Amino acid sequence: IMALAALNTHAATLAQYNFTGGSAADSAAAANITASNVSISGDAAISGFSNAGFIRSHVTSSTLAGAITAADYFEFSITVAPAHAMDLSSLSFDHFGSTAAGTSLPFESSLSLLSSVNGFTAANALGTSTETMTTNTGAASTFLVTENVSLSAPSFQTLRGTTTFRIYGYDNQNDNDNILRIDNIILEGVTSIPEPSSSALLGLGFSTILLRRRK
């Protein structure tokens, strides 16, 4: 009895969001994957000027729990093709920030990743990027860090159907010109046709034997 083998063995980009021109669409177009547009909730927005997602400080919460209550997040969903499964390896994003003359400093902004696999509660955050800005950037967007969150845990392997990710934004200030920004969201992993379980193979073997005896 022949088993079905996995199709891919090396991690690839399953979804990518660059927000170019304010677009919320996936640019990866990976095989066996349907990636939704990034949707925004609460006070989150996408800018065609800065080519990034953003949330202004004066409308954000100061904690992840508060951001969850206020629903200040960027969301996208990944659906794997029928008969396939996906093994995820990581999700990364670029964390930016901007301040302007006279804004309140230091400006400490945070972006936290959650998913439908573990649940959208503060205790289930998969990773958080927190960066502090202490100088005025003249409203210019400033790169702070690329956050890379590992998704190698067993709960993110052999996923079928649809998986949803949310990135929540929050900070320590209350100033319209302090802005946290996010760009270049990249989900890495592989898709495959899973091998049938040993019990399934055993059942198939018995069925074949019975069929031969009937003939």
# chains A, B, ... in the order shown; residues from 1 in each chain; ligands from 1
$ residues_around --residues "segment 132-145 of chain A" --least-positions-apart "3" --cutoff "7 Å" --atoms "only C-alpha atoms" --output "list in words"
Asp94, His95, Phe96, Gly97, Ser98, Thr99, Ala100, Ala101, Leu105, Pro106, Phe107, Glu108 and Ser109 of chain A
$ residues_around --residues "His84 of chain A" --least-positions-apart "3" --cutoff "6 Å" --atoms "only C-alpha atoms" --output "ChimeraX atom specification"
/A:81,192-193
$ select_by_dssp --residues "segment 60-110 of chain A" --states "alpha helix (DSSP H)" --output "ChimeraX atom specification"
/A:64-70
$ write_last_selection --atoms "C-alpha atoms" --output "tab-separated table (two decimals), in the first residue's frame"
chain	number	residue	atom	x	y	z
A	64	LEU	CA	-2.68	44.44	25.12
A	65	ALA	CA	-5.80	43.65	27.14
A	66	GLY	CA	-7.07	47.14	26.43
A	67	ALA	CA	-6.26	46.83	22.72
A	68	ILE	CA	-8.20	43.54	22.60
A	69	THR	CA	-11.20	45.18	24.25
A	70	ALA	CA	-11.00	48.14	21.86
$ select_by_dssp --residues "chain A" --states "strand (DSSP E)" --output "ChimeraX atom specification"
/A:12-17,33-35,39-41,45-47,52-56,73-80,85-98,107-115,127-133,142-150,162-171,179-192
$ residues_around --residues "Ser129 of chain A" --least-positions-apart "6" --cutoff "7 Å" --atoms "only C-alpha atoms" --output "list in words"
Ser110, Leu111, Ser112 and Glu147 of chain A
$ residues_around --residues "Ser50 of chain A" --least-positions-apart "2" --cutoff "9 Å" --atoms "only C-alpha atoms" --output "VMD selection string"
chain A and resid 19 to 22 46 to 48 52 to 53 141
$ closest_residue --among "A:Ser92, A:Ser155, A:Ser150, A:Thr164" --to "Phe120 of chain A" --atoms "only C-alpha atoms"
A:Thr164
$ atom_distance --atom1 "atom CA of Thr158 of chain A" --atom2 "atom CA of Ala31 of chain A"
16.2 Å
$ atom_distance --atom1 "atom CA of His10 of chain A" --atom2 "atom CA of Tyr168 of chain A"
29.4 Å
$ closest_residue --among "A:Asp26, A:Glu195, A:Asp175, A:Glu188" --to "Gly102 of chain A" --atoms "only C-alpha atoms"
A:Asp175
$ atom_distance --atom1 "atom CA of Ala11 of chain A" --atom2 "atom CA of Ala153 of chain A"
14.7 Å
$ residues_around --residues "Ala28 of chain A" --least-positions-apart "2" --cutoff "8 Å" --atoms "only C-alpha atoms" --output "list in words"
Thr13, Leu14, Ala15, Gln16, Asp26 and Ala30 of chain A
$ write_last_selection --atoms "N, CA and C atoms" --output "PDB file, in the first residue's frame"
ATOM      1  N   THR A  13       7.364  31.465   1.553  1.00  0.00           N
ATOM      2  CA  THR A  13       6.456  32.541   1.926  1.00  0.00           C
ATOM      3  C   THR A  13       5.036  32.161   1.529  1.00  0.00           C
ATOM      4  N   LEU A  14       4.165  32.024   2.517  1.00  0.00           N
ATOM      5  CA  LEU A  14       2.774  31.662   2.267  1.00  0.00           C
ATOM      6  C   LEU A  14       1.890  32.893   2.098  1.00  0.00           C
ATOM      7  N   ALA A  15       2.279  33.996   2.716  1.00  0.00           N
ATOM      8  CA  ALA A  15       1.530  35.247   2.569  1.00  0.00           C
ATOM      9  C   ALA A  15       2.465  36.405   2.861  1.00  0.00           C
ATOM     10  N   GLN A  16       2.263  37.521   2.163  1.00  0.00           N
ATOM     11  CA  GLN A  16       3.093  38.706   2.377  1.00  0.00           C
ATOM     12  C   GLN A  16       2.270  39.960   2.111  1.00  0.00           C
ATOM     13  N   ASP A  26      -2.566  40.417  -0.386  1.00  0.00           N
ATOM     14  CA  ASP A  26      -1.401  39.541  -0.322  1.00  0.00           C
ATOM     15  C   ASP A  26      -0.628  39.632  -1.630  1.00  0.00           C
ATOM     16  N   ALA A  30       0.915  32.264  -3.014  1.00  0.00           N
ATOM     17  CA  ALA A  30       1.493  30.937  -2.833  1.00  0.00           C
ATOM     18  C   ALA A  30       0.553  29.841  -3.315  1.00  0.00           C
TER      19      ALA A  30
END
$ closest_residue --among "A:Val59, A:Ala122, A:Leu113, A:Ile167" --to "Tyr73 of chain A" --atoms "only C-alpha atoms"
A:Ile167
$ decode --residues "segment 169-181 of chain A" --atoms "all heavy atoms" --output "PDB file, in the first residue's frame"
ATOM      1  N   GLY A 169      -2.240  46.740  18.227  1.00  0.00           N
ATOM      2  CA  GLY A 169      -1.350  47.856  18.515  1.00  0.00           C
ATOM      3  C   GLY A 169      -1.778  48.627  19.743  1.00  0.00           C
ATOM      4  O   GLY A 169      -2.979  48.843  19.967  1.00  0.00           O
ATOM      5  N   TYR A 170      -0.784  49.068  20.546  1.00  0.00           N
ATOM      6  CA  TYR A 170      -1.066  49.859  21.748  1.00  0.00           C
ATOM      7  C   TYR A 170       0.211  50.603  22.159  1.00  0.00           C
ATOM      8  O   TYR A 170       1.314  50.279  21.694  1.00  0.00           O
ATOM      9  CB  TYR A 170      -1.582  48.983  22.899  1.00  0.00           C
ATOM     10  CG  TYR A 170      -0.750  47.742  23.183  1.00  0.00           C
ATOM     11  CD1 TYR A 170       0.126  47.698  24.267  1.00  0.00           C
ATOM     12  CD2 TYR A 170      -0.842  46.619  22.373  1.00  0.00           C
ATOM     13  CE1 TYR A 170       0.884  46.568  24.537  1.00  0.00           C
ATOM     14  CE2 TYR A 170      -0.088  45.473  22.634  1.00  0.00           C
ATOM     15  CZ  TYR A 170       0.770  45.455  23.713  1.00  0.00           C
ATOM     16  OH  TYR A 170       1.521  44.332  23.969  1.00  0.00           O
ATOM     17  N   ASP A 171       0.084  51.623  23.019  1.00  0.00           N
ATOM     18  CA  ASP A 171       1.262  52.415  23.396  1.00  0.00           C
ATOM     19  C   ASP A 171       1.017  53.157  24.709  1.00  0.00           C
ATOM     20  O   ASP A 171      -0.060  53.061  25.301  1.00  0.00           O
ATOM     21  CB  ASP A 171       1.626  53.399  22.278  1.00  0.00           C
ATOM     22  CG  ASP A 171       0.532  54.411  22.025  1.00  0.00           C
ATOM     23  OD1 ASP A 171       0.391  55.349  22.844  1.00  0.00           O
ATOM     24  OD2 ASP A 171      -0.206  54.266  21.034  1.00  0.00           O
ATOM     25  N   ASN A 172       2.036  53.909  25.125  1.00  0.00           N
ATOM     26  CA  ASN A 172       2.003  54.538  26.452  1.00  0.00           C
ATOM     27  C   ASN A 172       1.617  56.015  26.430  1.00  0.00           C
ATOM     28  O   ASN A 172       1.624  56.666  27.463  1.00  0.00           O
ATOM     29  CB  ASN A 172       3.376  54.415  27.123  1.00  0.00           C
ATOM     30  CG  ASN A 172       4.428  55.289  26.448  1.00  0.00           C
ATOM     31  OD1 ASN A 172       4.368  55.484  25.227  1.00  0.00           O
ATOM     32  ND2 ASN A 172       5.396  55.786  27.205  1.00  0.00           N
ATOM     33  N   GLN A 173       1.291  56.565  25.249  1.00  0.00           N
ATOM     34  CA  GLN A 173       1.006  57.991  25.165  1.00  0.00           C
ATOM     35  C   GLN A 173      -0.431  58.248  24.705  1.00  0.00           C
ATOM     36  O   GLN A 173      -1.177  57.309  24.422  1.00  0.00           O
ATOM     37  CB  GLN A 173       2.007  58.678  24.220  1.00  0.00           C
ATOM     38  CG  GLN A 173       3.443  58.687  24.727  1.00  0.00           C
ATOM     39  CD  GLN A 173       3.627  59.556  25.961  1.00  0.00           C
ATOM     40  OE1 GLN A 173       2.732  60.284  26.388  1.00  0.00           O
ATOM     41  NE2 GLN A 173       4.814  59.463  26.570  1.00  0.00           N
ATOM     42  N   ASN A 174      -0.773  59.533  24.617  1.00  0.00           N
ATOM     43  CA  ASN A 174      -2.116  59.931  24.194  1.00  0.00           C
ATOM     44  C   ASN A 174      -1.993  61.173  23.321  1.00  0.00           C
ATOM     45  O   ASN A 174      -2.517  62.240  23.629  1.00  0.00           O
ATOM     46  CB  ASN A 174      -2.998  60.208  25.413  1.00  0.00           C
ATOM     47  CG  ASN A 174      -4.440  60.481  25.037  1.00  0.00           C
ATOM     48  OD1 ASN A 174      -4.923  60.006  24.011  1.00  0.00           O
ATOM     49  ND2 ASN A 174      -5.125  61.269  25.850  1.00  0.00           N
ATOM     50  N   ASP A 175      -1.256  61.008  22.202  1.00  0.00           N
ATOM     51  CA  ASP A 175      -0.885  62.144  21.363  1.00  0.00           C
ATOM     52  C   ASP A 175      -1.171  61.822  19.903  1.00  0.00           C
ATOM     53  O   ASP A 175      -0.705  60.808  19.384  1.00  0.00           O
ATOM     54  CB  ASP A 175       0.600  62.455  21.563  1.00  0.00           C
ATOM     55  CG  ASP A 175       0.982  63.833  21.062  1.00  0.00           C
ATOM     56  OD1 ASP A 175       0.602  64.170  19.926  1.00  0.00           O
ATOM     57  OD2 ASP A 175       1.658  64.559  21.808  1.00  0.00           O
ATOM     58  N   ASN A 176      -1.892  62.674  19.227  1.00  0.00           N
ATOM     59  CA  ASN A 176      -2.289  62.443  17.838  1.00  0.00           C
ATOM     60  C   ASN A 176      -1.104  62.270  16.894  1.00  0.00           C
ATOM     61  O   ASN A 176      -1.195  61.556  15.889  1.00  0.00           O
ATOM     62  CB  ASN A 176      -3.162  63.606  17.355  1.00  0.00           C
ATOM     63  CG  ASN A 176      -3.664  63.400  15.933  1.00  0.00           C
ATOM     64  OD1 ASN A 176      -4.415  62.479  15.674  1.00  0.00           O
ATOM     65  ND2 ASN A 176      -3.256  64.270  15.020  1.00  0.00           N
ATOM     66  N   ASP A 177       0.032  62.921  17.186  1.00  0.00           N
ATOM     67  CA  ASP A 177       1.185  62.876  16.285  1.00  0.00           C
ATOM     68  C   ASP A 177       2.224  61.830  16.659  1.00  0.00           C
ATOM     69  O   ASP A 177       3.289  61.768  16.043  1.00  0.00           O
ATOM     70  CB  ASP A 177       1.842  64.259  16.202  1.00  0.00           C
ATOM     71  CG  ASP A 177       0.967  65.247  15.444  1.00  0.00           C
ATOM     72  OD1 ASP A 177       0.303  64.813  14.481  1.00  0.00           O
ATOM     73  OD2 ASP A 177       0.926  66.431  15.819  1.00  0.00           O
ATOM     74  N   ASN A 178       1.948  61.041  17.674  1.00  0.00           N
ATOM     75  CA  ASN A 178       2.749  59.841  17.931  1.00  0.00           C
ATOM     76  C   ASN A 178       2.036  58.680  17.248  1.00  0.00           C
ATOM     77  O   ASN A 178       0.880  58.396  17.557  1.00  0.00           O
ATOM     78  CB  ASN A 178       2.869  59.553  19.429  1.00  0.00           C
ATOM     79  CG  ASN A 178       3.861  60.455  20.120  1.00  0.00           C
ATOM     80  OD1 ASN A 178       4.691  61.081  19.470  1.00  0.00           O
ATOM     81  ND2 ASN A 178       3.789  60.533  21.440  1.00  0.00           N
ATOM     82  N   ILE A 179       2.711  58.024  16.324  1.00  0.00           N
ATOM     83  CA  ILE A 179       2.053  57.007  15.499  1.00  0.00           C
ATOM     84  C   ILE A 179       2.882  55.727  15.481  1.00  0.00           C
ATOM     85  O   ILE A 179       4.088  55.763  15.202  1.00  0.00           O
ATOM     86  CB  ILE A 179       1.861  57.508  14.050  1.00  0.00           C
ATOM     87  CG1 ILE A 179       1.109  58.842  14.044  1.00  0.00           C
ATOM     88  CG2 ILE A 179       1.115  56.473  13.225  1.00  0.00           C
ATOM     89  CD1 ILE A 179       1.023  59.483  12.669  1.00  0.00           C
ATOM     90  N   LEU A 180       2.239  54.609  15.763  1.00  0.00           N
ATOM     91  CA  LEU A 180       2.910  53.316  15.586  1.00  0.00           C
ATOM     92  C   LEU A 180       2.509  52.769  14.221  1.00  0.00           C
ATOM     93  O   LEU A 180       1.378  52.941  13.772  1.00  0.00           O
ATOM     94  CB  LEU A 180       2.566  52.339  16.704  1.00  0.00           C
ATOM     95  CG  LEU A 180       1.168  51.754  16.852  1.00  0.00           C
ATOM     96  CD1 LEU A 180       1.013  50.500  15.986  1.00  0.00           C
ATOM     97  CD2 LEU A 180       0.895  51.397  18.304  1.00  0.00           C
ATOM     98  N   ARG A 181       3.476  52.125  13.557  1.00  0.00           N
ATOM     99  CA  ARG A 181       3.258  51.646  12.193  1.00  0.00           C
ATOM    100  C   ARG A 181       3.742  50.212  12.044  1.00  0.00           C
ATOM    101  O   ARG A 181       4.642  49.768  12.766  1.00  0.00           O
ATOM    102  CB  ARG A 181       3.981  52.545  11.182  1.00  0.00           C
ATOM    103  CG  ARG A 181       3.604  54.016  11.267  1.00  0.00           C
ATOM    104  CD  ARG A 181       4.360  54.850  10.235  1.00  0.00           C
ATOM    105  NE  ARG A 181       4.181  56.280  10.449  1.00  0.00           N
ATOM    106  CZ  ARG A 181       3.181  56.996   9.939  1.00  0.00           C
ATOM    107  NH1 ARG A 181       2.272  56.392   9.183  1.00  0.00           N
ATOM    108  NH2 ARG A 181       3.086  58.297  10.178  1.00  0.00           N
TER     109      ARG A 181
END
